Amino acid sequence: MRNIIFCPVGIPIAYHDAYDKDNHWRVTKPTRNYEVIAYTYNDFQPDLGTYDILIRDNGYKWELVKHFLETFDYTDYDYIGFWDDDLVTDIRSVNRAIEIATKNNLKLFQLSTIAGSDSTHRILHQDLSKSYSVTNFNEGMGQFIHSSLLDNVLRFFQHHNVKSGWGFDLIMSSIMKEKCGVIHEVSMYHPGKPSYYDKSAAHAEMEKILNEVYPNFMKDVYGEDVGPYREPQIEYEFTLKV
């Protein structure tokens, strides 16, 4: 099994007391069941030993994702993560999340968000009574997508060049025809920080994706007349931690 995490990097590694500082998720140690490919913004130089592959590029995260998917041979990988550079967790947590997702055939999933994270999506908040839950939503900051679904991501990019990602994560489950896993047994921390992009432009992109791009995509790809995306976030089922 091979997995890789794509991460645009423009800031130093951050830490949190809940996670093993000596085994930050980006540190290249043989205990990982994944690799890290770093796309660096501008002239930022990430520390040696925090990536397996380093590529220099510029643009919004999802513009870089498009370039990555069009130029990197991911066919020999199982899961590809699309992570923000400010996320904090450790190797053990990422390994365990991938193990749970693989065992339960979750093709879209993310680690739950620990208390104190910058997250308004309660469906993602860690619940230690559960091993994992099945929902219709993962947040774009730290999702894993199975490689078998990535052609559909590229197909969506033919309908819209995603930039901020606002709105794209809301429709991901629907356009992939897959439910999402939230791994509660392990977690990640997402710190609050000022946005580096224009939020008004991000809101405008979200409205365009939900109201125009999504129904056009569903009609063109699946022949479905769905209208604008208005689905609430739903937890379908969960497995208790034993």
# chains A, B, ... in the order shown; residues from 1 in each chain; ligands from 1
>>> closest_atom_pairs(of="segment 88-180 of chain A", to="segment 203-222 of chain A", cutoff="9 Å", atoms="only C-alpha atoms", output="JSON lines")
{"residue": "A:Arg155", "atom": "CA", "partner": "A:Val221", "partner_atom": "CA", "distance": 8.7}
{"residue": "A:Phe156", "atom": "CA", "partner": "A:Phe217", "partner_atom": "CA", "distance": 6.9}
{"residue": "A:His159", "atom": "CA", "partner": "A:Val213", "partner_atom": "CA", "distance": 6.6}
{"residue": "A:His160", "atom": "CA", "partner": "A:Val213", "partner_atom": "CA", "distance": 6.8}
{"residue": "A:Val162", "atom": "CA", "partner": "A:Glu205", "partner_atom": "CA", "distance": 8.1}
{"residue": "A:Lys163", "atom": "CA", "partner": "A:Glu205", "partner_atom": "CA", "distance": 8.0}
{"residue": "A:Ser164", "atom": "CA", "partner": "A:Glu205", "partner_atom": "CA", "distance": 7.6}
{"residue": "A:Gly165", "atom": "CA", "partner": "A:Met206", "partner_atom": "CA", "distance": 7.7}
{"residue": "A:Trp166", "atom": "CA", "partner": "A:Met206", "partner_atom": "CA", "distance": 5.0}
{"residue": "A:Gly167", "atom": "CA", "partner": "A:Met206", "partner_atom": "CA", "distance": 4.3}
{"residue": "A:Phe168", "atom": "CA", "partner": "A:Ile209", "partner_atom": "CA", "distance": 6.8}
{"residue": "A:Leu170", "atom": "CA", "partner": "A:Leu210", "partner_atom": "CA", "distance": 8.4}
{"residue": "A:Ile171", "atom": "CA", "partner": "A:Tyr214", "partner_atom": "CA", "distance": 7.4}
{"residue": "A:Ser174", "atom": "CA", "partner": "A:Met218", "partner_atom": "CA", "distance": 8.8}
{"residue": "A:Ile175", "atom": "CA", "partner": "A:Met218", "partner_atom": "CA", "distance": 7.0}
>>> write_last_selection(atoms="C-alpha atoms", output="PDB file, in the first residue's frame")
ATOM      1  CA  ARG A 155     -13.288  16.217 -14.759  1.00  0.00           C
ATOM      2  CA  PHE A 156     -14.672  18.803 -12.353  1.00  0.00           C
ATOM      3  CA  HIS A 159     -16.095  22.672 -15.536  1.00  0.00           C
ATOM      4  CA  HIS A 160     -14.454  25.129 -13.123  1.00  0.00           C
ATOM      5  CA  VAL A 162     -11.145  25.810  -8.438  1.00  0.00           C
ATOM      6  CA  LYS A 163      -9.147  28.445  -6.571  1.00  0.00           C
ATOM      7  CA  SER A 164      -9.989  28.983  -2.884  1.00  0.00           C
ATOM      8  CA  GLY A 165     -11.818  25.663  -2.574  1.00  0.00           C
ATOM      9  CA  TRP A 166     -14.798  27.257  -0.827  1.00  0.00           C
ATOM     10  CA  GLY A 167     -17.850  25.270  -1.873  1.00  0.00           C
ATOM     11  CA  PHE A 168     -15.807  22.538  -3.536  1.00  0.00           C
ATOM     12  CA  LEU A 170     -19.344  20.851   0.216  1.00  0.00           C
ATOM     13  CA  ILE A 171     -20.148  19.058  -3.039  1.00  0.00           C
ATOM     14  CA  SER A 174     -22.105  14.218  -4.248  1.00  0.00           C
ATOM     15  CA  ILE A 175     -19.879  14.593  -7.307  1.00  0.00           C
TER      16      ILE A 175
END
>>> residues_around(residues="Ile234 of chain A", least_positions_apart="5", cutoff="12 Å", atoms="only C-alpha atoms", output="MDAnalysis selection string")
chainID A and resid 121:124 133:138 170 173 179:182
>>> residues_around(residues="Asp118 of chain A", least_positions_apart="3", cutoff="7 Å", atoms="only C-alpha atoms", output="list in words")
His190, Pro191 and Gly192 of chain A
>>> select_by_dssp(residues="segment 100-172 of chain A", states="strand (DSSP E)", output="PyMOL selection string")
chain A and resi 108-113+130-135+142-146
>>> residues_around(residues="Asp85 of chain A", least_positions_apart="2", cutoff="12 Å", atoms="only C-alpha atoms", output="ChimeraX atom specification")
/A:5-15,24-26,36-41,46,50-51,61,81-83,87-89,141-142,189-191,193
>>> atom_distance(atom1="atom CA of Tyr77 of chain A", atom2="atom CA of Phe144 of chain A")
11.8 Å
>>> select_by_dssp(residues="segment 2-179 of chain A", states="alpha helix (DSSP H)", output="PyMOL selection string")
chain A and resi 61-71+91-103+150-159+168-176
>>> atom_distance(atom1="atom CA of Val153 of chain A", atom2="atom CA of Val65 of chain A")
9.7 Å
